[in-house]
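Engineer: Got a file for you: structure38.cif, mmCIF, C-alpha atoms.
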data_coords
loop_
_atom_site.label_atom_id
_atom_site.label_comp_id
_atom_site.auth_asym_id
_atom_site.auth_seq_id
_atom_site.Cartn_x
_atom_site.Cartn_y
_atom_site.Cartn_z
CA THR A 1 23.53 -15.11 24.17
CA ARG A 2 20.79 -16.21 26.47
CA ASN A 3 21.25 -19.49 28.35
CA ARG A 4 18.34 -21.81 27.45
CA TRP A 5 19.23 -24.47 30.03
CA ARG A 6 19.13 -24.11 33.77
CA ASP A 7 20.38 -26.28 36.59
CA ALA A 8 17.77 -28.79 37.68
CA ASN A 9 15.95 -28.21 40.94
CA LEU A 10 17.26 -30.42 43.72
CA TYR A 11 14.74 -31.83 46.15
CA SER A 12 15.34 -33.61 49.42
CA VAL A 13 13.37 -34.68 52.43
CA ALA A 14 14.80 -35.39 55.90
CA THR A 15 13.25 -38.87 55.99
CA MET A 16 15.07 -40.11 52.87
CA SER A 17 18.83 -40.40 52.43
CA ALA A 18 18.70 -41.95 48.92
CA GLY A 19 16.02 -42.16 46.25
CA TYR A 20 15.64 -45.29 44.08
CA PHE A 21 12.61 -45.20 41.78
CA CYS A 22 9.81 -42.77 40.98
CA ALA A 23 6.39 -42.53 39.32
CA TYR A 24 3.75 -39.93 38.61
CA ASP A 25 0.06 -40.40 39.38
CA SER A 26 -2.72 -39.11 37.13
CA GLN A 27 -2.79 -35.77 38.98
CA GLY A 28 0.88 -35.02 38.26
CA ASN A 29 2.10 -35.81 41.77
CA LEU A 30 5.57 -37.39 41.81
CA PHE A 31 6.24 -40.26 44.20
CA VAL A 32 9.78 -41.37 45.05
CA ASP A 33 10.82 -44.45 46.99
CA GLY A 34 14.17 -44.94 48.66
CA VAL A 35 15.76 -45.51 52.03
CA ASP A 36 16.26 -43.51 55.19
CA GLY A 37 19.58 -43.15 57.02
CA SER A 38 19.28 -46.63 58.56
CA GLY A 39 18.47 -48.32 55.23
CA SER A 40 14.74 -48.73 55.91
CA PHE A 41 12.15 -48.10 53.19
CA ALA A 42 11.01 -44.51 52.74
CA LEU A 43 8.42 -42.87 50.46
CA ALA A 44 8.03 -39.21 49.56
CA GLU A 45 5.71 -37.16 47.37
CA LEU A 46 6.30 -33.98 45.41
CA PRO A 47 2.78 -32.62 44.91
CA HIS A 48 1.90 -31.30 41.46
CA LYS A 49 3.45 -27.83 41.17
CA GLY A 50 4.82 -28.31 44.69
CA ALA A 51 8.07 -26.83 45.91
CA ALA A 52 9.11 -29.50 48.41
CA LEU A 53 9.09 -33.26 48.88
CA GLN A 54 6.81 -34.47 51.66
CA SER A 55 7.31 -37.66 53.63
CA VAL A 56 4.60 -40.33 53.21
CA THR A 57 4.02 -42.93 55.93
CA VAL A 58 3.51 -46.37 54.38
CA ASN A 59 1.44 -48.83 56.39
CA GLN A 60 3.16 -51.80 54.75
CA THR A 61 6.54 -53.34 55.46
CA ILE A 62 8.78 -53.11 52.39
CA LYS A 63 12.28 -54.59 52.73
CA LYS A 64 13.98 -53.04 49.69
CA PRO A 65 12.62 -50.33 47.38
CA GLY A 66 11.58 -51.60 43.99
CA GLY A 67 10.14 -50.00 40.91
CA MET A 68 7.11 -47.75 40.96
CA ALA A 69 4.27 -47.18 38.50
CA TRP A 70 0.79 -45.68 38.27
CA ASP A 71 -1.66 -48.44 37.38
CA GLY A 72 -4.54 -46.12 36.52
CA LYS A 73 -5.97 -46.19 40.03
CA TYR A 74 -3.15 -46.69 42.52
CA ILE A 75 0.50 -45.90 42.93
CA THR A 76 2.38 -49.20 42.93
CA VAL A 77 5.62 -49.98 44.76
CA GLY A 78 7.70 -53.10 44.31
CA ASP A 79 9.53 -54.87 47.11
CA ALA A 80 12.79 -56.08 45.58
CA GLY A 81 13.98 -57.46 48.94
CA VAL A 82 11.64 -60.44 49.14
CA SER A 83 11.53 -63.63 47.12
CA PRO A 84 9.28 -63.93 45.26
CA SER A 85 9.07 -60.23 44.47
CA VAL A 86 5.87 -58.39 45.36
CA VAL A 87 4.20 -55.25 43.99
CA TYR A 88 1.88 -53.37 46.35
CA GLN A 89 -0.99 -51.16 45.23
CA LEU A 90 -1.14 -48.18 47.60
CA SER A 91 -3.94 -45.74 48.21
CA VAL A 92 -2.45 -42.40 49.24
CA SER A 93 -4.45 -39.96 51.31
CA GLY A 94 -2.65 -36.92 52.67
CA SER A 95 0.65 -38.13 54.08
CA THR A 96 -0.37 -41.79 54.51
CA ALA A 97 -0.26 -44.71 52.07
CA ASN A 98 -2.31 -47.82 52.78
CA PRO A 99 -2.03 -51.11 50.90
CA VAL A 100 -5.16 -52.06 48.94
CA GLY A 101 -3.72 -54.95 46.94
CA THR A 102 -0.72 -57.22 46.47
CA THR A 103 0.68 -58.78 43.31
CA THR A 104 3.07 -61.67 43.96
CA LEU A 105 5.42 -62.46 41.08
CA LYS A 106 6.01 -66.20 41.55
CA GLY A 107 9.31 -67.62 40.41
CA THR A 108 11.27 -64.39 40.93
CA THR A 109 14.14 -63.44 43.20
CA SER A 110 14.38 -59.66 42.66
CA VAL A 111 12.24 -57.76 40.16
CA ARG A 112 13.59 -54.26 40.71
CA GLN A 113 11.80 -52.39 37.94
CA PHE A 114 8.59 -53.24 36.14
CA TRP A 115 6.04 -51.86 33.73
CA ILE A 116 2.25 -52.19 33.99
CA ASP A 117 0.35 -52.42 30.72
CA GLY A 118 -3.30 -52.53 31.75
CA VAL A 119 -3.89 -56.16 32.76
CA ARG A 120 -0.30 -57.36 32.60
CA LEU A 121 2.91 -56.57 34.42
CA ILE A 122 6.26 -57.01 32.66
CA GLY A 123 9.51 -57.08 34.57
CA PRO A 124 13.02 -58.44 34.37
CA ASP A 125 14.10 -60.55 37.31
CA TYR A 126 17.62 -59.56 38.29
CA ASP A 127 20.01 -61.51 36.04
CA ALA A 128 17.16 -63.86 35.05
CA PRO A 129 14.48 -63.95 32.33
CA VAL A 130 11.97 -61.16 31.76
CA GLY A 131 8.54 -62.26 32.95
CA PHE A 132 4.95 -61.37 32.06
CA TRP A 133 2.30 -61.69 34.79
CA LYS A 134 -1.42 -61.09 34.96
CA TYR A 135 -2.06 -57.81 36.74
CA PRO A 136 -3.12 -57.42 39.47
CA ALA A 137 -3.54 -61.20 39.97
CA GLY A 138 0.18 -62.07 39.76
CA GLY A 139 1.02 -65.72 40.33
CA SER A 140 3.16 -67.65 37.89
CA PRO A 141 4.36 -65.84 34.76
CA THR A 142 2.18 -66.28 31.69
CA LYS A 143 5.24 -65.83 29.46
CA THR A 144 9.00 -65.42 29.83
CA LEU A 145 11.72 -64.13 27.56
CA SER A 146 14.33 -66.68 28.59
CA LYS A 147 17.16 -65.33 26.43
CA VAL A 148 16.76 -61.81 27.80
CA HIS A 149 18.18 -61.09 31.25
CA GLY A 150 18.05 -57.65 32.70
CA TYR A 151 17.62 -55.18 35.47
CA GLY A 152 15.32 -52.44 34.18
CA ALA A 153 12.34 -51.99 31.91
CA ALA A 154 11.56 -49.24 29.42
CA VAL A 155 8.60 -48.44 27.23
CA SER A 156 8.86 -46.95 23.78
CA ALA A 157 6.14 -46.16 21.31
CA GLN A 158 5.85 -48.41 18.31
CA PRO A 159 5.60 -46.39 15.13
CA SER A 160 2.59 -47.07 12.98
CA GLY A 161 3.03 -48.15 9.40
CA PRO A 162 5.87 -50.04 7.78
CA PRO A 163 9.30 -49.93 9.42
CA ARG A 164 11.64 -47.21 8.21
CA ARG A 165 14.82 -48.24 6.47
#
Would you mind giving the structure from this file in structure tokens?
Structural biologist:
Amino acid sequence: TRNRWRDANLYSVATMSAGYFCAYDSQGNLFVDGVDGSGSFALAELPHKGAALQSVTVNQTIKKPGGMAWDGKYITVGDAGVSPSVVYQLSVSGSTANPVGTTTLKGTTSVRQFWIDGVRLIGPDYDAPVGFWKYPAGGSPTKTLSKVHGYGAAVSAQPSGPPRR
């Protein structure tokens, strides 16, 4: 029989010893954040249909890699090492990423993963309530799910029509 499954491609880049989070932009480029050998923030890009990760210089200090997302215009990177947590909007040109905006998530200690839904950002604060913030304005949460504590965020499609039984 023919084997339908293959081993996944493994990608690495000399400037990153561990990857944390990733996100695609609208062109199909994959961005990965992580740390270098000394524990400092690192960012890499796998261009659409590319064969190798490429290091991206980020002109913004980020203490600890946080979640990543495409907001429709910019690649966003969270800093989970500052309190309150911050999400940066980065404009990437070639091998350089420059900050063009900052979203401060007041009242948080470590939002490590988040989801952007148009004009709102949803993210669980580590071992604390899930918060909803205006995006890209940030500030204080507009809503919290106080009985839900978490680490990560996921999106799933809501089926249309009545619920199945």
Engineer: Which residues come within 7 Å of segment 35-43 of chain A, counting only C-alpha atoms, excluding same-chain residues fewer than 5 positions away, as a PyMOL selection string?
Structural biologist: chain A and resi 15-19+55-56+62-65
Engineer: Just give me the gap between atom CA of Thr142 of chain A and atom CA of Leu90 of chain A in Å, one decimal is fine.
Structural biologist: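 Those two atoms sit 24.3 Å apart.
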Engineer: Between A:Ser91, A:Ser140, A:Thr96, A:Ser12, single out the one closest to Leu121 of chain A, counting only C-alpha atoms.
Structural biologist: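 Under the stated criterion, the closest residue is A:Ser140.
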Engineer: Kindly resolve the PyMOL selection byres ((chain A and resi 46) around 6) on the present coordinates and return the residues as a ChimeraX atom specification.
Structural biologist: /A:29-30,45,47,50,53
Engineer: Just want the 12 Å neighbourhood of Tyr126 of chain A, counted on only C-alpha atoms, with same-chain residues fewer than 2 positions away dropped. Output as a list in words.
Structural biologist: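 Close residues of Tyr126 of chain A: Gly66, Ala80, Gly81, Ser83, Pro84, Ser85, Gly107, Thr108, Thr109, Ser110, Val111, Arg112, Gln113, Phe114, Gly123, Pro124, Ala128, Pro129, Val130, Gly131, Val148, His149, Gly150, Tyr151, Gly152 and Ala153 of chain A.
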Engineer: Take the PyMOL selection byres ((chain A and resi 74-78) around 6), run it mentally on this structure, and tell me the resulting residues as a list in words.
Structural biologist: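 Applied to this file, the PyMOL selection byres ((chain A and resi 74-78) around 6) returns Gly66, Gly67, Met68, Ala69, Trp70, Asp71, Lys73, Asp79, Val86, Val87, Tyr88, Gln89, Leu90 and Ser91 of chain A.
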Engineer: Going by the chain IDs and residue numbers used in this file, which residues fall under the PyMOL selection byres ((chain A and resi 136) around 9)? Write them as a PyMOL selection string.
Structural biologist: chain A and resi 87+89+101-104+119-121+133-135+137-138
Engineer: Just to confirm, what's the straight-line distance from atom CA of Leu10 of chain A to atom CA of Cys22 of chain A in Å (one decimal)?
Structural biologist: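 For atom CA of Leu10 of chain A relative to atom CA of Cys22 of chain A, the distance reads 14.7 Å.
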Engineer: Could you check how far atom CA of Ala52 of chain A sits from atom CA of Gly28 of chain A, in Å to one decimal?
Structural biologist: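 Interatomic distance here is 14.2 Å.
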Engineer: Centre and edge lengths of an axis-aligned box around all listed atoms of segment 60-66 of chain A, with 3 Å added on each side, are to be given in Å to one decimal, as AutoDock Vina command-line options.
Structural biologist:
--center_x 8.6 --center_y -52.5 --center_z 49.7 --size_x 16.8 --size_y 10.3 --size_z 17.5
